[in-house]
$ cat structure_30.cif   # mmCIF, C-alpha atoms
data_data
loop_
_atom_site.group_PDB
_atom_site.id
_atom_site.type_symbol
_atom_site.label_atom_id
_atom_site.label_comp_id
_atom_site.auth_asym_id
_atom_site.auth_seq_id
_atom_site.Cartn_x
_atom_site.Cartn_y
_atom_site.Cartn_z
ATOM 1 C CA MET A 1 -46.083 -55.119 79.700
ATOM 2 C CA SER A 2 -43.988 -52.089 79.035
ATOM 3 C CA LYS A 3 -43.284 -49.056 81.133
ATOM 4 C CA ILE A 4 -42.497 -45.479 80.294
ATOM 5 C CA VAL A 5 -41.758 -43.861 83.591
ATOM 6 C CA SER A 6 -38.743 -45.173 85.349
ATOM 7 C CA LEU A 7 -37.006 -44.405 88.551
ATOM 8 C CA SER A 8 -33.647 -46.042 88.979
ATOM 9 C CA GLU A 9 -33.210 -48.400 91.906
ATOM 10 C CA ALA A 10 -30.426 -46.200 93.217
ATOM 11 C CA GLY A 11 -32.721 -43.177 93.136
ATOM 12 C CA ALA A 12 -35.478 -45.104 94.880
ATOM 13 C CA ILE A 13 -33.100 -46.332 97.581
ATOM 14 C CA ALA A 14 -31.848 -42.791 98.204
ATOM 15 C CA ILE A 15 -35.332 -41.336 98.500
ATOM 16 C CA HIS A 16 -36.618 -44.194 100.572
ATOM 17 C CA SER A 17 -33.655 -44.122 102.969
ATOM 18 C CA LEU A 18 -33.829 -40.376 103.466
ATOM 19 C CA VAL A 19 -37.551 -40.497 104.183
ATOM 20 C CA MET A 20 -36.993 -43.254 106.724
ATOM 21 C CA ILE A 21 -34.070 -41.460 108.341
ATOM 22 C CA SER A 22 -36.047 -38.196 108.533
ATOM 23 C CA ARG A 23 -38.861 -39.973 110.295
ATOM 24 C CA SER A 24 -36.664 -41.732 112.784
ATOM 25 C CA GLU A 25 -35.629 -40.099 116.021
ATOM 26 C CA GLU A 26 -32.541 -42.229 116.385
ATOM 27 C CA PRO A 27 -29.861 -42.990 113.809
ATOM 28 C CA LEU A 28 -30.737 -45.720 111.335
ATOM 29 C CA ASN A 29 -28.181 -48.134 110.003
ATOM 30 C CA VAL A 30 -27.976 -50.096 106.763
ATOM 31 C CA ILE A 31 -29.397 -53.230 108.348
ATOM 32 C CA LYS A 32 -32.504 -51.490 109.628
ATOM 33 C CA ILE A 33 -33.098 -49.846 106.260
ATOM 34 C CA ALA A 34 -32.558 -53.127 104.424
ATOM 35 C CA GLU A 35 -35.144 -54.796 106.651
ATOM 36 C CA GLN A 36 -37.785 -52.289 105.601
ATOM 37 C CA THR A 37 -37.019 -52.328 101.900
ATOM 38 C CA SER A 38 -36.223 -54.969 99.349
ATOM 39 C CA SER A 39 -32.781 -53.660 98.433
ATOM 40 C CA SER A 40 -29.452 -55.222 99.271
ATOM 41 C CA ARG A 41 -27.369 -53.950 102.163
ATOM 42 C CA HIS A 42 -24.458 -53.436 99.837
ATOM 43 C CA HIS A 43 -26.419 -51.246 97.490
ATOM 44 C CA ILE A 44 -27.947 -49.279 100.347
ATOM 45 C CA ALA A 45 -24.535 -48.765 101.929
ATOM 46 C CA LYS A 46 -23.137 -47.373 98.704
ATOM 47 C CA ILE A 47 -25.987 -44.933 98.284
ATOM 48 C CA LEU A 48 -25.822 -43.757 101.888
ATOM 49 C CA GLN A 49 -22.112 -43.126 101.485
ATOM 50 C CA ARG A 50 -22.868 -40.937 98.478
ATOM 51 C CA LEU A 51 -25.448 -39.041 100.482
ATOM 52 C CA VAL A 52 -22.950 -38.454 103.294
ATOM 53 C CA LYS A 53 -20.426 -37.202 100.791
ATOM 54 C CA SER A 54 -22.994 -34.826 99.303
ATOM 55 C CA GLY A 55 -23.842 -33.487 102.731
ATOM 56 C CA TYR A 56 -27.358 -34.866 103.194
ATOM 57 C CA LEU A 57 -26.431 -37.327 105.924
ATOM 58 C CA LYS A 58 -23.904 -37.653 108.691
ATOM 59 C CA SER A 59 -22.860 -40.916 110.187
ATOM 60 C CA THR A 60 -22.346 -41.719 113.835
ATOM 61 C CA ARG A 61 -20.220 -44.587 115.064
ATOM 62 C CA GLY A 62 -20.694 -47.043 117.850
ATOM 63 C CA PRO A 63 -23.208 -49.786 118.679
ATOM 64 C CA SER A 64 -26.247 -47.561 118.228
ATOM 65 C CA GLY A 65 -24.618 -45.681 115.412
ATOM 66 C CA GLY A 66 -26.036 -45.104 111.978
ATOM 67 C CA PHE A 67 -27.102 -42.266 109.777
ATOM 68 C CA LEU A 68 -28.790 -39.014 110.641
ATOM 69 C CA LEU A 69 -30.124 -36.209 108.505
ATOM 70 C CA ASN A 70 -27.584 -33.458 108.072
ATOM 71 C CA LYS A 71 -29.927 -30.820 106.687
ATOM 72 C CA SER A 72 -33.317 -29.449 107.676
ATOM 73 C CA PRO A 73 -36.037 -31.640 106.201
ATOM 74 C CA GLU A 74 -37.886 -28.596 104.787
ATOM 75 C CA LYS A 75 -34.815 -27.744 102.758
ATOM 76 C CA VAL A 76 -34.373 -31.097 101.030
ATOM 77 C CA THR A 77 -36.612 -31.745 98.046
ATOM 78 C CA ILE A 78 -37.122 -35.162 96.484
ATOM 79 C CA LEU A 79 -35.695 -33.639 93.293
ATOM 80 C CA ASP A 80 -32.465 -32.757 95.127
ATOM 81 C CA ILE A 81 -32.100 -36.342 96.287
ATOM 82 C CA TYR A 82 -32.868 -37.853 92.903
ATOM 83 C CA GLN A 83 -30.470 -35.550 91.058
ATOM 84 C CA CYS A 84 -27.744 -36.105 93.634
ATOM 85 C CA ILE A 85 -27.738 -39.779 92.703
ATOM 86 C CA GLU A 86 -28.728 -39.742 89.056
ATOM 87 C CA GLY A 87 -27.601 -36.410 87.737
ATOM 88 C CA GLU A 88 -29.621 -33.566 86.387
ATOM 89 C CA ILE A 89 -32.853 -34.473 84.665
ATOM 90 C CA SER A 90 -32.659 -33.992 80.927
ATOM 91 C CA ILE A 91 -35.434 -32.159 79.126
ATOM 92 C CA THR A 92 -34.307 -32.324 75.530
ATOM 93 C CA SER A 93 -36.824 -31.661 72.828
ATOM 94 C CA CYS A 94 -36.118 -34.953 71.058
ATOM 95 C CA PRO A 95 -36.773 -38.061 73.175
ATOM 96 C CA MET A 96 -34.146 -39.909 71.152
ATOM 97 C CA GLU A 97 -31.768 -36.956 71.468
ATOM 98 C CA LYS A 98 -31.295 -36.834 67.744
ATOM 99 C CA GLN A 99 -29.678 -33.857 66.107
ATOM 100 C CA ILE A 100 -31.395 -34.389 62.770
ATOM 101 C CA CYS A 101 -35.036 -35.065 62.072
ATOM 102 C CA PRO A 102 -37.034 -35.279 58.860
ATOM 103 C CA PHE A 103 -40.102 -33.696 60.453
ATOM 104 C CA ASP A 104 -40.909 -30.063 61.173
ATOM 105 C CA THR A 105 -42.803 -30.900 64.318
ATOM 106 C CA CYS A 106 -41.918 -33.762 66.601
ATOM 107 C CA LEU A 107 -44.185 -36.776 66.029
ATOM 108 C CA MET A 108 -44.326 -37.222 69.766
ATOM 109 C CA GLY A 109 -45.753 -33.715 69.947
ATOM 110 C CA ASN A 110 -43.878 -32.480 72.980
ATOM 111 C CA ILE A 111 -45.547 -35.016 75.245
ATOM 112 C CA ILE A 112 -42.236 -36.254 76.597
ATOM 113 C CA PRO A 113 -40.789 -32.875 77.622
ATOM 114 C CA LYS A 114 -44.216 -31.935 78.972
ATOM 115 C CA LEU A 115 -44.518 -35.016 81.175
ATOM 116 C CA THR A 116 -40.877 -34.837 82.236
ATOM 117 C CA LEU A 117 -41.348 -31.242 83.327
ATOM 118 C CA GLU A 118 -44.521 -32.131 85.179
ATOM 119 C CA PHE A 119 -42.784 -34.927 87.005
ATOM 120 C CA ARG A 120 -39.773 -32.789 87.762
ATOM 121 C CA GLU A 121 -41.963 -30.028 89.199
ATOM 122 C CA PHE A 122 -43.731 -32.586 91.342
ATOM 123 C CA LEU A 123 -40.416 -33.878 92.719
ATOM 124 C CA LYS A 124 -39.325 -30.305 93.349
ATOM 125 C CA SER A 125 -42.518 -29.544 95.265
ATOM 126 C CA LYS A 126 -42.024 -32.330 97.801
ATOM 127 C CA THR A 127 -39.624 -31.992 100.685
ATOM 128 C CA LEU A 128 -38.656 -34.522 103.333
ATOM 129 C CA ALA A 129 -40.705 -32.487 105.812
ATOM 130 C CA ASP A 130 -43.857 -33.467 103.887
ATOM 131 C CA TYR A 131 -43.281 -37.095 104.826
ATOM 132 C CA ILE A 132 -42.716 -36.648 108.530
ATOM 133 C CA VAL A 133 -45.991 -37.402 110.215
ATOM 134 C CA LYS A 134 -46.186 -35.885 113.639
ATOM 135 C CA MET B 135 -32.999 -21.441 74.132
ATOM 136 C CA TYR B 136 -33.607 -23.498 77.242
ATOM 137 C CA ILE B 137 -33.589 -26.701 75.279
ATOM 138 C CA CYS B 138 -30.387 -25.748 73.425
ATOM 139 C CA VAL B 139 -28.556 -25.387 76.712
ATOM 140 C CA PHE B 140 -29.472 -28.897 77.709
ATOM 141 C CA LYS B 141 -28.384 -30.317 74.374
ATOM 142 C CA TYR B 142 -25.025 -28.615 74.825
ATOM 143 C CA LEU B 143 -24.599 -29.854 78.366
ATOM 144 C CA ASN B 144 -25.510 -33.340 77.285
ATOM 145 C CA THR B 145 -22.279 -33.670 75.393
ATOM 146 C CA PHE B 146 -20.267 -33.131 78.550
ATOM 147 C CA TYR B 147 -21.969 -35.294 81.121
ATOM 148 C CA LYS B 148 -24.777 -37.750 81.237
ATOM 149 C CA LEU B 149 -28.189 -36.367 82.051
ATOM 150 C CA SER B 150 -30.807 -38.624 83.519
ATOM 151 C CA LYS B 151 -34.209 -39.403 82.118
ATOM 152 C CA LEU B 152 -37.457 -39.913 83.911
ATOM 153 C CA ILE B 153 -39.487 -40.848 80.881
ATOM 154 C CA ASN B 154 -38.023 -43.436 78.572
ATOM 155 C CA ILE B 155 -39.292 -44.599 75.261
ATOM 156 C CA SER B 156 -37.410 -47.321 73.499
ATOM 157 C CA GLU B 157 -35.530 -46.676 70.314
ATOM 158 C CA ALA B 158 -37.435 -49.495 68.611
ATOM 159 C CA SER B 159 -40.803 -47.861 69.219
ATOM 160 C CA SER B 160 -39.498 -44.508 68.032
ATOM 161 C CA ILE B 161 -38.132 -46.104 64.858
ATOM 162 C CA ALA B 162 -41.477 -47.828 64.265
ATOM 163 C CA ILE B 163 -43.505 -44.632 64.597
ATOM 164 C CA HIS B 164 -41.149 -42.619 62.408
ATOM 165 C CA ALA B 165 -41.020 -45.320 59.751
ATOM 166 C CA VAL B 166 -44.793 -45.723 59.523
ATOM 167 C CA VAL B 167 -45.355 -41.971 59.240
ATOM 168 C CA LEU B 168 -42.606 -41.537 56.636
ATOM 169 C CA VAL B 169 -44.001 -44.388 54.555
ATOM 170 C CA ALA B 170 -47.506 -42.981 54.905
ATOM 171 C CA LYS B 171 -46.292 -39.547 53.777
ATOM 172 C CA SER B 172 -44.391 -40.869 50.812
ATOM 173 C CA GLY B 173 -46.227 -41.421 47.581
ATOM 174 C CA GLU B 174 -44.114 -44.454 46.784
ATOM 175 C CA SER B 175 -42.428 -47.272 48.652
ATOM 176 C CA LEU B 176 -39.431 -46.576 50.871
ATOM 177 C CA ASN B 177 -36.692 -49.093 51.568
ATOM 178 C CA VAL B 178 -34.484 -49.720 54.603
ATOM 179 C CA SER B 179 -31.646 -47.494 53.379
ATOM 180 C CA GLN B 180 -33.929 -44.612 52.598
ATOM 181 C CA LEU B 181 -35.732 -44.828 55.934
ATOM 182 C CA ALA B 182 -32.495 -45.195 57.867
ATOM 183 C CA GLY B 183 -30.994 -42.259 55.997
ATOM 184 C CA LYS B 184 -33.942 -39.970 56.623
ATOM 185 C CA THR B 185 -34.176 -40.706 60.327
ATOM 186 C CA GLY B 186 -30.581 -41.295 61.347
ATOM 187 C CA PHE B 187 -31.356 -44.698 62.859
ATOM 188 C CA SER B 188 -29.090 -47.643 61.999
ATOM 189 C CA LYS B 189 -29.978 -49.771 58.963
ATOM 190 C CA ASN B 190 -29.801 -52.905 61.068
ATOM 191 C CA HIS B 191 -32.216 -51.682 63.659
ATOM 192 C CA MET B 192 -34.464 -50.168 61.006
ATOM 193 C CA ALA B 193 -34.583 -53.464 59.103
ATOM 194 C CA LYS B 194 -35.564 -55.386 62.233
ATOM 195 C CA VAL B 195 -38.333 -52.975 63.139
ATOM 196 C CA LEU B 196 -39.676 -52.878 59.567
ATOM 197 C CA GLN B 197 -39.929 -56.657 59.628
ATOM 198 C CA GLN B 198 -42.001 -56.450 62.784
ATOM 199 C CA LEU B 199 -44.200 -53.742 61.303
ATOM 200 C CA ALA B 200 -44.819 -55.989 58.301
ATOM 201 C CA LYS B 201 -45.581 -58.901 60.613
ATOM 202 C CA TYR B 202 -48.197 -56.815 62.404
ATOM 203 C CA ASN B 203 -49.666 -55.652 59.102
ATOM 204 C CA PHE B 204 -48.884 -51.966 59.396
ATOM 205 C CA LEU B 205 -46.629 -52.179 56.351
ATOM 206 C CA GLU B 206 -46.149 -54.565 53.503
ATOM 207 C CA SER B 207 -43.050 -55.104 51.478
ATOM 208 C CA THR B 208 -42.990 -54.815 47.710
ATOM 209 C CA ARG B 209 -40.459 -56.655 45.633
ATOM 210 C CA GLY B 210 -38.400 -55.609 42.628
ATOM 211 C CA PRO B 211 -35.752 -52.957 41.945
ATOM 212 C CA LYS B 212 -37.892 -50.204 43.408
ATOM 213 C CA GLY B 213 -39.035 -52.447 46.195
ATOM 214 C CA GLY B 214 -39.484 -51.319 49.759
ATOM 215 C CA PHE B 215 -42.318 -50.829 52.164
ATOM 216 C CA VAL B 216 -45.764 -49.345 51.714
ATOM 217 C CA LEU B 217 -48.565 -48.714 54.148
ATOM 218 C CA LYS B 218 -50.892 -51.668 54.437
ATOM 219 C CA ARG B 219 -53.680 -50.038 56.398
ATOM 220 C CA LYS B 220 -55.311 -46.640 56.107
ATOM 221 C CA PRO B 221 -53.554 -43.779 57.931
ATOM 222 C CA GLU B 222 -56.803 -42.725 59.573
ATOM 223 C CA GLU B 223 -57.105 -46.187 61.090
ATOM 224 C CA ILE B 224 -53.706 -46.446 62.744
ATOM 225 C CA SER B 225 -53.040 -44.854 66.123
ATOM 226 C CA LEU B 226 -49.538 -44.353 67.530
ATOM 227 C CA LEU B 227 -50.600 -46.494 70.471
ATOM 228 C CA GLU B 228 -51.150 -49.525 68.237
ATOM 229 C CA ILE B 229 -47.720 -49.102 66.701
ATOM 230 C CA TYR B 230 -46.074 -48.571 70.083
ATOM 231 C CA GLU B 231 -47.717 -51.569 71.725
ATOM 232 C CA ALA B 232 -47.063 -53.859 68.761
ATOM 233 C CA ILE B 233 -43.347 -53.257 69.271
ATOM 234 C CA GLU B 234 -43.129 -52.934 73.048
ATOM 235 C CA GLY B 235 -46.143 -54.701 74.449
ATOM 236 C CA ILE B 236 -49.100 -53.257 76.278
ATOM 237 C CA ILE B 237 -48.244 -50.176 78.341
ATOM 238 C CA ASP B 238 -48.791 -51.018 81.983
ATOM 239 C CA GLU B 239 -50.766 -48.168 83.528
ATOM 240 C CA ASN B 240 -50.508 -49.638 86.973
ATOM 241 C CA HIS B 241 -46.781 -49.864 86.849
ATOM 242 C CA SER B 242 -45.172 -48.827 90.065
ATOM 243 C CA PHE B 243 -41.658 -47.561 90.507
ATOM 244 C CA HIS B 244 -40.319 -50.099 92.818
ATOM 245 C CA ASN B 245 -40.967 -53.513 94.175
ATOM 246 C CA CYS B 246 -41.018 -52.909 97.862
ATOM 247 C CA LYS B 247 -43.628 -55.114 99.443
ATOM 248 C CA SER B 248 -43.242 -53.847 102.945
ATOM 249 C CA CYS B 249 -43.815 -50.200 102.298
ATOM 250 C CA ASN B 250 -45.901 -47.845 100.328
ATOM 251 C CA LEU B 251 -43.224 -45.566 98.928
ATOM 252 C CA GLU B 252 -45.213 -45.354 95.732
ATOM 253 C CA LEU B 253 -48.255 -44.023 97.465
ATOM 254 C CA CYS B 254 -46.693 -41.900 100.110
ATOM 255 C CA VAL B 255 -43.836 -40.311 98.207
ATOM 256 C CA PHE B 256 -44.955 -40.311 94.613
ATOM 257 C CA GLY B 257 -48.667 -40.021 95.181
ATOM 258 C CA GLY B 258 -49.645 -41.965 92.083
ATOM 259 C CA MET B 259 -47.504 -39.798 89.801
ATOM 260 C CA SER B 260 -46.135 -42.736 87.876
ATOM 261 C CA GLN B 261 -49.611 -43.978 87.007
ATOM 262 C CA LYS B 262 -50.808 -40.512 86.033
ATOM 263 C CA LEU B 263 -47.884 -39.834 83.714
ATOM 264 C CA THR B 264 -48.144 -43.259 82.104
ATOM 265 C CA SER B 265 -51.831 -42.751 81.585
ATOM 266 C CA ASP B 266 -51.292 -39.309 80.004
ATOM 267 C CA PHE B 267 -48.698 -40.742 77.662
ATOM 268 C CA LYS B 268 -50.915 -43.621 76.662
ATOM 269 C CA GLU B 269 -53.769 -41.194 76.041
ATOM 270 C CA TYR B 270 -51.602 -39.072 73.752
ATOM 271 C CA LEU B 271 -50.568 -42.088 71.704
ATOM 272 C CA LYS B 272 -54.127 -43.356 71.523
ATOM 273 C CA ASN B 273 -55.481 -40.023 70.300
ATOM 274 C CA THR B 274 -52.800 -39.429 67.696
ATOM 275 C CA LEU B 275 -53.516 -41.129 64.403
ATOM 276 C CA VAL B 276 -50.990 -41.451 61.602
ATOM 277 C CA ILE B 277 -53.181 -39.231 59.448
ATOM 278 C CA ASN B 278 -52.795 -36.403 62.002
ATOM 279 C CA LEU B 279 -49.049 -36.421 61.381
ATOM 280 C CA LEU B 280 -49.064 -36.245 57.605
#
$ encode --input "structure_30.cif" --output "structure tokens"
Amino acid sequence: MSKIVSLSEAGAIAIHSLVMISRSEEPLNVIKIAEQTSSSRHHIAKILQRLVKSGYLKSTRGPSGGFLLNKSPEKVTILDIYQCIEGEISITSCPMEKQICPFDTCLMGNIIPKLTLEFREFLKSKTLADYIVK
Amino acid sequence: MYICVFKYLNTFYKLSKLINISEASSIAIHAVVLVAKSGESLNVSQLAGKTGFSKNHMAKVLQQLAKYNFLESTRGPKGGFVLKRKPEEISLLEIYEAIEGIIDENHSFHNCKSCNLELCVFGGMSQKLTSDFKEYLKNTLVINLL
């Protein structure tokens, strides 16, 4: 089986963690997040550190310490989170990023940029606030 | 214009991709269409030269395409590859799946058993996009690209 659409594990961890942290009233730590997901504590810790550095989270110390959201949930889109970890999403016309091509029109007929754009717009339309169920 | 900017930026830092197609499948599709378009046989060097893919990789993919009966090789000094089946009978999906395997429409982003991130955050987006892509490949025949 092959797949076309891929989300990096790092991106998934970041999104997942932020959704969990947004939903929680108290700070969440790496252990609690690891329990709910299938990622390693080490990997989660690294990602959370990145998110603190980029201003999305703040960390609190102490026995009931952990991570808290540092921005308003309505202001953080899933796209922001993904791009913070993975970099800006590329929408080049050639899926292979080739500079030369023997064809006048791309054999893939624009499907890749079209789907990438669609996905990107979807990620942009969702904020953390959308996932907080009151 | 928009696309040019991204190509320029790409040389400075790595941009991420959401949709990935393998180089092998891209080589396969380009090779089959080029061979179909050409009146005569095309060899590895010619195909590699026209597309910018490496000769090594091209050779490997052409072998697979011959194995799956999309192309056949002709011997002799002007030897190379010719189309084995009719262009109106080959869809891009067949070529793609011969190289990469069946496209999994139910593929989910991540393997978290204890949560429904897929459903709650991505709302079935991954399945929809995969399905759209598969549909495009299925509906595009080699003859449409000549």
$ residues_around --input "structure_30.cif" --residues "stretch 154-170 of chain B" --least-positions-apart "5" --cutoff "6 Å" --atoms "only C-alpha atoms" --output "ChimeraX atom specification"
/A:4 /B:216-217,230,233
$ interface_residues --input "structure_30.cif" --of "chain A" --to "chain B" --cutoff "7 Å" --atoms "only C-alpha atoms" --output "list in words"
Met1, Ser2, Lys3, Ile4, Val5, Ser6, Leu7, His16, Gln36, Thr37, Ser38, Glu86, Gly87, Glu88, Ile89, Ser90, Ile91, Thr92, Ser93, Met96, Cys101, Pro102, Leu107, Ile111, Ile112, Leu115 and Thr116 of chain A
$ atom_distance --input "structure_30.cif" --atom1 "atom CA of B:Lys201" --atom2 "atom CA of B:Leu181"
17.8 Å
$ resolve_selection --input "structure_30.cif" --expression "the PyMOL selection byres ((chain A and resi 20-35) around 7)" --output "list in words"
His16, Ser17, Leu18, Val19, Gln36, Thr37, Ser38, Ser39, Ser40, Arg41, Ile44, Ala45, Gly65, Gly66, Phe67, Leu68, Leu69, Pro73, Leu128 and Ile132 of chain A
$ axis_aligned_box --input "structure_30.cif" --around "stretch 108-118 of chain A" --padding-each-side "4 Å" --output "AutoDock Vina command-line options"
--center_x -43.3 --center_y -34.2 --center_z 77.5 --size_x 13.0 --size_y 14.0 --size_z 23.4
$ atom_distance --input "structure_30.cif" --atom1 "atom CA of A:Ala10" --atom2 "atom CA of A:Leu123"
15.9 Å
$ atom_distance --input "structure_30.cif" --atom1 "atom CA of B:Pro221" --atom2 "atom CA of B:Leu196"
16.7 Å
$ closest_residue --input "structure_30.cif" --among "B:Ile277, B:Met192, B:Val178, B:Ala232" --to "B:Phe204" --atoms "all atoms listed in the file"
B:Ala232
$ residues_near_point --input "structure_30.cif" --point "(-24.3, -40.3, 103.7)" --cutoff "10 Å" --atoms "all atoms listed in the file" --output "count of residues only"
22
$ build_atoms --input "structure_30.cif" --residues "stretch 76-94 of chain A" --atoms "N, CA and C atoms" --output "PDB file, in the frame of the given file"
ATOM      1  N   VAL A  76     -34.790 -30.041 101.956  1.00  0.00           N
ATOM      2  CA  VAL A  76     -34.373 -31.097 101.030  1.00  0.00           C
ATOM      3  C   VAL A  76     -35.567 -31.547 100.189  1.00  0.00           C
ATOM      4  N   THR A  77     -35.514 -31.300  98.901  1.00  0.00           N
ATOM      5  CA  THR A  77     -36.612 -31.745  98.046  1.00  0.00           C
ATOM      6  C   THR A  77     -36.287 -33.130  97.491  1.00  0.00           C
ATOM      7  N   ILE A  78     -37.311 -33.835  97.078  1.00  0.00           N
ATOM      8  CA  ILE A  78     -37.122 -35.162  96.484  1.00  0.00           C
ATOM      9  C   ILE A  78     -36.306 -35.017  95.200  1.00  0.00           C
ATOM     10  N   LEU A  79     -36.479 -33.903  94.500  1.00  0.00           N
ATOM     11  CA  LEU A  79     -35.695 -33.639  93.293  1.00  0.00           C
ATOM     12  C   LEU A  79     -34.209 -33.565  93.618  1.00  0.00           C
ATOM     13  N   ASP A  80     -33.872 -32.866  94.707  1.00  0.00           N
ATOM     14  CA  ASP A  80     -32.465 -32.757  95.127  1.00  0.00           C
ATOM     15  C   ASP A  80     -31.866 -34.145  95.287  1.00  0.00           C
ATOM     16  N   ILE A  81     -32.594 -34.996  95.992  1.00  0.00           N
ATOM     17  CA  ILE A  81     -32.100 -36.342  96.287  1.00  0.00           C
ATOM     18  C   ILE A  81     -31.910 -37.123  94.993  1.00  0.00           C
ATOM     19  N   TYR A  82     -32.931 -37.110  94.160  1.00  0.00           N
ATOM     20  CA  TYR A  82     -32.868 -37.853  92.903  1.00  0.00           C
ATOM     21  C   TYR A  82     -31.690 -37.390  92.047  1.00  0.00           C
ATOM     22  N   GLN A  83     -31.540 -36.077  91.908  1.00  0.00           N
ATOM     23  CA  GLN A  83     -30.470 -35.550  91.058  1.00  0.00           C
ATOM     24  C   GLN A  83     -29.084 -35.752  91.664  1.00  0.00           C
ATOM     25  N   CYS A  84     -29.028 -35.840  92.972  1.00  0.00           N
ATOM     26  CA  CYS A  84     -27.744 -36.105  93.634  1.00  0.00           C
ATOM     27  C   CYS A  84     -27.220 -37.475  93.195  1.00  0.00           C
ATOM     28  N   ILE A  85     -28.127 -38.416  93.067  1.00  0.00           N
ATOM     29  CA  ILE A  85     -27.738 -39.779  92.703  1.00  0.00           C
ATOM     30  C   ILE A  85     -27.660 -39.976  91.196  1.00  0.00           C
ATOM     31  N   GLU A  86     -28.620 -39.430  90.479  1.00  0.00           N
ATOM     32  CA  GLU A  86     -28.728 -39.742  89.056  1.00  0.00           C
ATOM     33  C   GLU A  86     -28.268 -38.653  88.106  1.00  0.00           C
ATOM     34  N   GLY A  87     -27.986 -37.484  88.651  1.00  0.00           N
ATOM     35  CA  GLY A  87     -27.601 -36.410  87.737  1.00  0.00           C
ATOM     36  C   GLY A  87     -28.819 -35.591  87.338  1.00  0.00           C
ATOM     37  N   GLU A  88     -28.548 -34.462  86.753  1.00  0.00           N
ATOM     38  CA  GLU A  88     -29.621 -33.566  86.387  1.00  0.00           C
ATOM     39  C   GLU A  88     -30.580 -34.186  85.377  1.00  0.00           C
ATOM     40  N   ILE A  89     -31.855 -33.884  85.557  1.00  0.00           N
ATOM     41  CA  ILE A  89     -32.853 -34.473  84.665  1.00  0.00           C
ATOM     42  C   ILE A  89     -32.853 -33.764  83.317  1.00  0.00           C
ATOM     43  N   SER A  90     -32.748 -34.552  82.276  1.00  0.00           N
ATOM     44  CA  SER A  90     -32.659 -33.992  80.927  1.00  0.00           C
ATOM     45  C   SER A  90     -34.035 -33.682  80.360  1.00  0.00           C
ATOM     46  N   ILE A  91     -34.169 -32.484  79.791  1.00  0.00           N
ATOM     47  CA  ILE A  91     -35.434 -32.159  79.126  1.00  0.00           C
ATOM     48  C   ILE A  91     -35.114 -31.719  77.698  1.00  0.00           C
ATOM     49  N   THR A  92     -34.622 -32.653  76.917  1.00  0.00           N
ATOM     50  CA  THR A  92     -34.307 -32.324  75.530  1.00  0.00           C
ATOM     51  C   THR A  92     -35.583 -32.401  74.710  1.00  0.00           C
ATOM     52  N   SER A  93     -35.612 -31.674  73.636  1.00  0.00           N
ATOM     53  CA  SER A  93     -36.824 -31.661  72.828  1.00  0.00           C
ATOM     54  C   SER A  93     -37.038 -32.992  72.116  1.00  0.00           C
ATOM     55  N   CYS A  94     -35.969 -33.678  71.740  1.00  0.00           N
ATOM     56  CA  CYS A  94     -36.118 -34.953  71.058  1.00  0.00           C
ATOM     57  C   CYS A  94     -35.900 -36.094  72.051  1.00  0.00           C
TER      58      CYS A  94
END
